[in-house]
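Trainee: Enclosed is the structure file entry_5.tsv (TSV, C-alpha atoms).
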chain	number	residue	atom	x	y	z
A	1	MET	CA	60.69	-24.80	14.08
A	2	ASN	CA	64.06	-25.09	12.30
A	3	ARG	CA	64.57	-27.14	9.16
A	4	PHE	CA	67.76	-28.73	7.90
A	5	GLY	CA	68.08	-29.18	4.13
A	6	LEU	CA	70.02	-32.29	3.19
A	7	ALA	CA	71.24	-32.34	-0.40
A	8	ALA	CA	72.66	-35.34	-2.21
A	9	LEU	CA	73.53	-35.98	-5.82
A	10	VAL	CA	71.72	-38.95	-7.25
A	11	MET	CA	72.71	-40.62	-10.49
A	12	VAL	CA	69.64	-41.48	-12.54
A	13	ALA	CA	69.62	-43.57	-15.71
A	14	SER	CA	67.94	-41.82	-18.61
A	15	ALA	CA	66.34	-43.15	-21.79
A	16	ALA	CA	69.37	-41.95	-23.78
A	17	PRO	CA	72.75	-43.72	-23.44
A	18	GLY	CA	74.75	-42.70	-20.36
A	19	LEU	CA	73.71	-41.21	-17.05
A	20	ALA	CA	72.26	-37.82	-16.12
A	21	GLU	CA	72.87	-35.98	-12.82
A	22	THR	CA	69.88	-34.97	-10.74
A	23	SER	CA	69.87	-33.34	-7.31
A	24	LEU	CA	67.64	-34.43	-4.47
A	25	SER	CA	66.85	-32.35	-1.42
A	26	LEU	CA	65.34	-33.74	1.80
A	27	GLU	CA	64.06	-31.65	4.68
A	28	LEU	CA	64.17	-32.76	8.30
A	29	ASP	CA	62.34	-30.83	10.99
A	30	LEU	CA	64.78	-29.91	13.73
A	31	GLY	CA	62.93	-29.89	17.03
A	32	ALA	CA	64.22	-28.62	20.36
A	33	ASP	CA	66.17	-31.85	21.01
A	34	SER	CA	67.70	-32.01	17.51
A	35	SER	CA	71.34	-31.31	16.69
A	36	VAL	CA	73.77	-30.99	13.80
A	37	THR	CA	77.40	-31.63	14.78
A	38	SER	CA	80.57	-31.67	12.69
A	39	VAL	CA	83.55	-33.79	13.83
A	40	ALA	CA	87.01	-33.93	12.24
A	41	TYR	CA	88.67	-37.36	12.17
A	42	LYS	CA	92.11	-38.50	11.10
A	43	CYS	CA	91.97	-41.94	9.48
A	44	ASP	CA	94.70	-44.49	8.69
A	45	THR	CA	95.16	-44.00	4.93
A	46	LEU	CA	92.20	-41.72	4.19
A	47	GLY	CA	93.74	-38.84	6.14
A	48	ASP	CA	91.41	-36.08	7.33
A	49	VAL	CA	87.68	-36.86	7.19
A	50	GLN	CA	84.98	-34.37	8.21
A	51	VAL	CA	81.81	-36.14	9.43
A	52	GLN	CA	78.54	-34.32	9.96
A	53	TYR	CA	76.10	-35.94	12.40
A	54	ILE	CA	72.41	-35.05	12.16
A	55	ASN	CA	70.10	-36.09	14.98
A	56	ALA	CA	66.50	-35.03	14.35
A	57	ASP	CA	64.00	-36.86	16.53
A	58	ALA	CA	63.78	-40.43	15.15
A	59	ASN	CA	66.29	-39.70	12.33
A	60	SER	CA	70.01	-40.10	13.04
A	61	LEU	CA	72.29	-39.66	10.06
A	62	ALA	CA	75.98	-39.19	9.33
A	63	LEU	CA	77.27	-37.49	6.18
A	64	ILE	CA	80.70	-38.89	5.28
A	65	PRO	CA	82.84	-38.13	2.22
A	66	ILE	CA	84.20	-41.31	0.62
A	67	ASP	CA	86.10	-41.43	-2.69
A	68	GLY	CA	84.97	-37.90	-3.62
A	69	GLU	CA	81.28	-38.53	-2.88
A	70	GLN	CA	79.23	-37.34	0.10
A	71	LEU	CA	77.46	-40.50	1.35
A	72	ILE	CA	74.44	-40.53	3.64
A	73	PHE	CA	74.74	-43.07	6.48
A	74	VAL	CA	71.72	-44.13	8.56
A	75	ASN	CA	72.00	-45.08	12.24
A	76	VAL	CA	71.22	-48.75	12.99
A	77	ILE	CA	71.19	-50.81	16.17
A	78	SER	CA	74.52	-51.49	17.87
A	79	GLY	CA	75.61	-53.10	21.09
A	80	SER	CA	77.94	-50.22	21.92
A	81	GLY	CA	78.66	-46.84	20.37
A	82	ALA	CA	76.87	-45.48	17.31
A	83	ARG	CA	76.72	-47.58	14.14
A	84	TYR	CA	75.76	-46.16	10.74
A	85	VAL	CA	75.49	-47.87	7.35
A	86	SER	CA	75.40	-46.74	3.72
A	87	GLY	CA	75.42	-49.41	1.02
A	88	VAL	CA	78.53	-51.56	1.54
A	89	TYR	CA	80.00	-49.15	4.13
A	90	GLU	CA	79.74	-49.24	7.92
A	91	TRP	CA	80.81	-46.34	10.18
A	92	TRP	CA	81.04	-47.29	13.86
A	93	SER	CA	81.97	-44.59	16.35
A	94	LYS	CA	82.55	-44.74	20.08
A	95	GLY	CA	84.16	-42.02	22.17
A	96	ASP	CA	87.01	-40.38	20.23
A	97	GLY	CA	87.41	-43.30	17.84
A	98	ALA	CA	85.62	-44.59	14.76
A	99	ARG	CA	86.05	-47.34	12.19
A	100	LEU	CA	85.07	-47.24	8.52
A	101	THR	CA	84.62	-50.65	6.93
A	102	ASN	CA	83.74	-51.64	3.38
A	103	GLN	CA	81.87	-54.88	4.06
A	104	THR	CA	83.14	-56.32	0.74
A	105	ASP	CA	86.77	-55.55	1.68
A	106	GLU	CA	87.03	-55.82	5.48
A	107	ALA	CA	90.83	-56.23	5.39
A	108	ASN	CA	91.13	-52.54	4.45
A	109	ALA	CA	89.07	-51.10	7.33
A	110	GLN	CA	90.06	-47.59	8.42
A	111	ASP	CA	90.60	-46.72	12.08
A	112	CYS	CA	89.96	-43.05	12.80
A	113	THR	CA	90.40	-40.70	15.78
A	114	SER	CA	88.85	-37.31	16.41
Any chance you could put this one into structure tokens?
Mentor:
Amino acid sequence: MNRFGLAALVMVASAAPGLAETSLSLELDLGADSSVTSVAYKCDTLGDVQVQYINADANSLALIPIDGEQLIFVNVISGSGARYVSGVYEWWSKGDGARLTNQTDEANAQDCTS
């Protein structure tokens, strides 16, 4: 059985003033029906964005770089297409298109095409 290591940097507050960096690694078992796919998108003002989709049984994730950070998006229910969320961000893809929205600043949503 294959495993996919998913690494993310997590900022953790320490007892001393300031923040310390700590890394976190998660493992997902990749069964026969699992897949890891990378798709290149061109977005309005963000330019080129490389999105990695991970589908491992009940876990569907998208790794998307935003403002210099690799964010982990989790798939949630949608009426059409695939919808992922991470904090204030929503990534909604359908066919060759996708839309990145900061829910606190919806006027600056990014339309993207692969």
Trainee: Enter the distance from CA of Asp111 in chain A to CA of Asn55 in chain A, in Å, rounded to one decimal.
Mentor: 23.3 Å
Trainee: Considering only C-alpha atoms, state which residue in the set A:Ala82, A:Ala32, A:Leu61, A:Ile66 is at the smallest distance from Leu46 in chain A.
Mentor: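 Closest to Leu46 in chain A, using only C-alpha atoms: A:Ile66.
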Trainee: Please produce, as CSV, a per-residue contact table for range 24-68 of chain A versus range 87-100 of chain A (criterion: any atom at most 9 Å away, only C-alpha atoms considered), showing the nearest atom pair and its distance in Å to one decimal, sorted by chain then residue number.
Mentor:
residue,atom,partner,partner_atom,distance
A:Tyr41,CA,A:Ala98,CA,8.3
A:Cys43,CA,A:Arg99,CA,8.5
A:Ala62,CA,A:Trp91,CA,8.7
A:Ile64,CA,A:Trp91,CA,8.9
Trainee: Using only C-alpha atoms, can you tell me which of A:Thr45, A:Thr37, A:Ser80, A:Thr22 comes closest to Leu63 in chain A?
Mentor: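 Closest residue, counting only C-alpha atoms: A:Thr37.
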Trainee: Nearest to Val85 in chain A: which of A:Gln52, A:Ser60, A:Ser35, A:Asn108 is it, counting only C-alpha atoms?
Mentor: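 Of the candidates, the smallest distance to Val85 in chain A is held by A:Ser60.
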Trainee: Have a look at CA of Val36 in chain A and CA of Asn59 in chain A and let me know their distance in Å, one decimal.
Mentor: 11.6 Å
Trainee: Measure the distance from CA of Lys42 in chain A to CA of Ala56 in chain A in Å and round it to one decimal.
Mentor: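 We find that CA of Lys42 in chain A and CA of Ala56 in chain A lie 26.0 Å from each other.
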Trainee: Name the closest residue to Ala109 in chain A among the candidates A:Asp33, A:Glu69, A:Asp44, A:Asp57; distances are taken between atoms, counting all atoms listed in the file.
Mentor: A:Asp44
Trainee: Could the centre and edge lengths of an axis-aligned box, enclosing all atoms of range 51-54 of chain A in the file with 3 Å extra on each side, be given in Å to one decimal as AutoDock Vina command-line options?
Mentor:
--center_x 77.1 --center_y -35.2 --center_z 10.9 --size_x 15.4 --size_y 7.8 --size_z 9.0
Trainee: Regenerate range 88-109 of chain A at the level of N, CA and C atoms and dump it as a PDB file, in the coordinates of the input.
Mentor:
ATOM      1  N   VAL A  88      77.562 -50.572   1.056  1.00  0.00           N
ATOM      2  CA  VAL A  88      78.530 -51.560   1.540  1.00  0.00           C
ATOM      3  C   VAL A  88      79.356 -51.036   2.717  1.00  0.00           C
ATOM      4  N   TYR A  89      79.180 -49.763   3.079  1.00  0.00           N
ATOM      5  CA  TYR A  89      80.000 -49.150   4.130  1.00  0.00           C
ATOM      6  C   TYR A  89      79.335 -49.164   5.496  1.00  0.00           C
ATOM      7  N   GLU A  90      80.174 -49.315   6.526  1.00  0.00           N
ATOM      8  CA  GLU A  90      79.740 -49.240   7.920  1.00  0.00           C
ATOM      9  C   GLU A  90      80.658 -48.246   8.631  1.00  0.00           C
ATOM     10  N   TRP A  91      80.078 -47.308   9.365  1.00  0.00           N
ATOM     11  CA  TRP A  91      80.810 -46.340  10.180  1.00  0.00           C
ATOM     12  C   TRP A  91      80.392 -46.584  11.626  1.00  0.00           C
ATOM     13  N   TRP A  92      81.343 -46.970  12.470  1.00  0.00           N
ATOM     14  CA  TRP A  92      81.040 -47.290  13.860  1.00  0.00           C
ATOM     15  C   TRP A  92      81.885 -46.381  14.736  1.00  0.00           C
ATOM     16  N   SER A  93      81.231 -45.519  15.495  1.00  0.00           N
ATOM     17  CA  SER A  93      81.970 -44.590  16.350  1.00  0.00           C
ATOM     18  C   SER A  93      81.665 -44.843  17.810  1.00  0.00           C
ATOM     19  N   LYS A  94      82.700 -44.616  18.633  1.00  0.00           N
ATOM     20  CA  LYS A  94      82.550 -44.740  20.080  1.00  0.00           C
ATOM     21  C   LYS A  94      83.632 -43.868  20.710  1.00  0.00           C
ATOM     22  N   GLY A  95      83.205 -42.933  21.554  1.00  0.00           N
ATOM     23  CA  GLY A  95      84.160 -42.020  22.170  1.00  0.00           C
ATOM     24  C   GLY A  95      84.879 -41.197  21.120  1.00  0.00           C
ATOM     25  N   ASP A  96      86.214 -41.146  21.192  1.00  0.00           N
ATOM     26  CA  ASP A  96      87.010 -40.380  20.230  1.00  0.00           C
ATOM     27  C   ASP A  96      87.406 -41.178  19.003  1.00  0.00           C
ATOM     28  N   GLY A  97      87.007 -42.445  18.950  1.00  0.00           N
ATOM     29  CA  GLY A  97      87.410 -43.300  17.840  1.00  0.00           C
ATOM     30  C   GLY A  97      86.258 -43.683  16.937  1.00  0.00           C
ATOM     31  N   ALA A  98      86.609 -44.100  15.722  1.00  0.00           N
ATOM     32  CA  ALA A  98      85.620 -44.590  14.760  1.00  0.00           C
ATOM     33  C   ALA A  98      86.315 -45.559  13.818  1.00  0.00           C
ATOM     34  N   ARG A  99      85.513 -46.364  13.153  1.00  0.00           N
ATOM     35  CA  ARG A  99      86.050 -47.340  12.190  1.00  0.00           C
ATOM     36  C   ARG A  99      85.158 -47.338  10.964  1.00  0.00           C
ATOM     37  N   LEU A 100      85.777 -47.170   9.800  1.00  0.00           N
ATOM     38  CA  LEU A 100      85.070 -47.240   8.520  1.00  0.00           C
ATOM     39  C   LEU A 100      85.422 -48.553   7.859  1.00  0.00           C
ATOM     40  N   THR A 101      84.401 -49.344   7.546  1.00  0.00           N
ATOM     41  CA  THR A 101      84.620 -50.650   6.930  1.00  0.00           C
ATOM     42  C   THR A 101      83.798 -50.776   5.661  1.00  0.00           C
ATOM     43  N   ASN A 102      84.446 -51.232   4.595  1.00  0.00           N
ATOM     44  CA  ASN A 102      83.740 -51.640   3.380  1.00  0.00           C
ATOM     45  C   ASN A 102      83.471 -53.124   3.588  1.00  0.00           C
ATOM     46  N   GLN A 103      82.213 -53.508   3.720  1.00  0.00           N
ATOM     47  CA  GLN A 103      81.870 -54.880   4.060  1.00  0.00           C
ATOM     48  C   GLN A 103      82.306 -55.890   2.989  1.00  0.00           C
ATOM     49  N   THR A 104      82.644 -55.422   1.787  1.00  0.00           N
ATOM     50  CA  THR A 104      83.140 -56.320   0.740  1.00  0.00           C
ATOM     51  C   THR A 104      84.659 -56.396   0.745  1.00  0.00           C
ATOM     52  N   ASP A 105      85.312 -55.592   1.608  1.00  0.00           N
ATOM     53  CA  ASP A 105      86.770 -55.550   1.680  1.00  0.00           C
ATOM     54  C   ASP A 105      87.187 -55.228   3.115  1.00  0.00           C
ATOM     55  N   GLU A 106      86.805 -56.079   4.066  1.00  0.00           N
ATOM     56  CA  GLU A 106      87.030 -55.820   5.480  1.00  0.00           C
ATOM     57  C   GLU A 106      88.489 -55.718   5.876  1.00  0.00           C
ATOM     58  N   ALA A 107      89.393 -56.283   5.074  1.00  0.00           N
ATOM     59  CA  ALA A 107      90.830 -56.230   5.390  1.00  0.00           C
ATOM     60  C   ALA A 107      91.356 -54.804   5.316  1.00  0.00           C
ATOM     61  N   ASN A 108      90.676 -53.923   4.611  1.00  0.00           N
ATOM     62  CA  ASN A 108      91.130 -52.540   4.450  1.00  0.00           C
ATOM     63  C   ASN A 108      90.323 -51.556   5.282  1.00  0.00           C
ATOM     64  N   ALA A 109      89.839 -51.982   6.442  1.00  0.00           N
ATOM     65  CA  ALA A 109      89.070 -51.100   7.330  1.00  0.00           C
ATOM     66  C   ALA A 109      89.967 -49.942   7.788  1.00  0.00           C
TER      67      ALA A 109
END
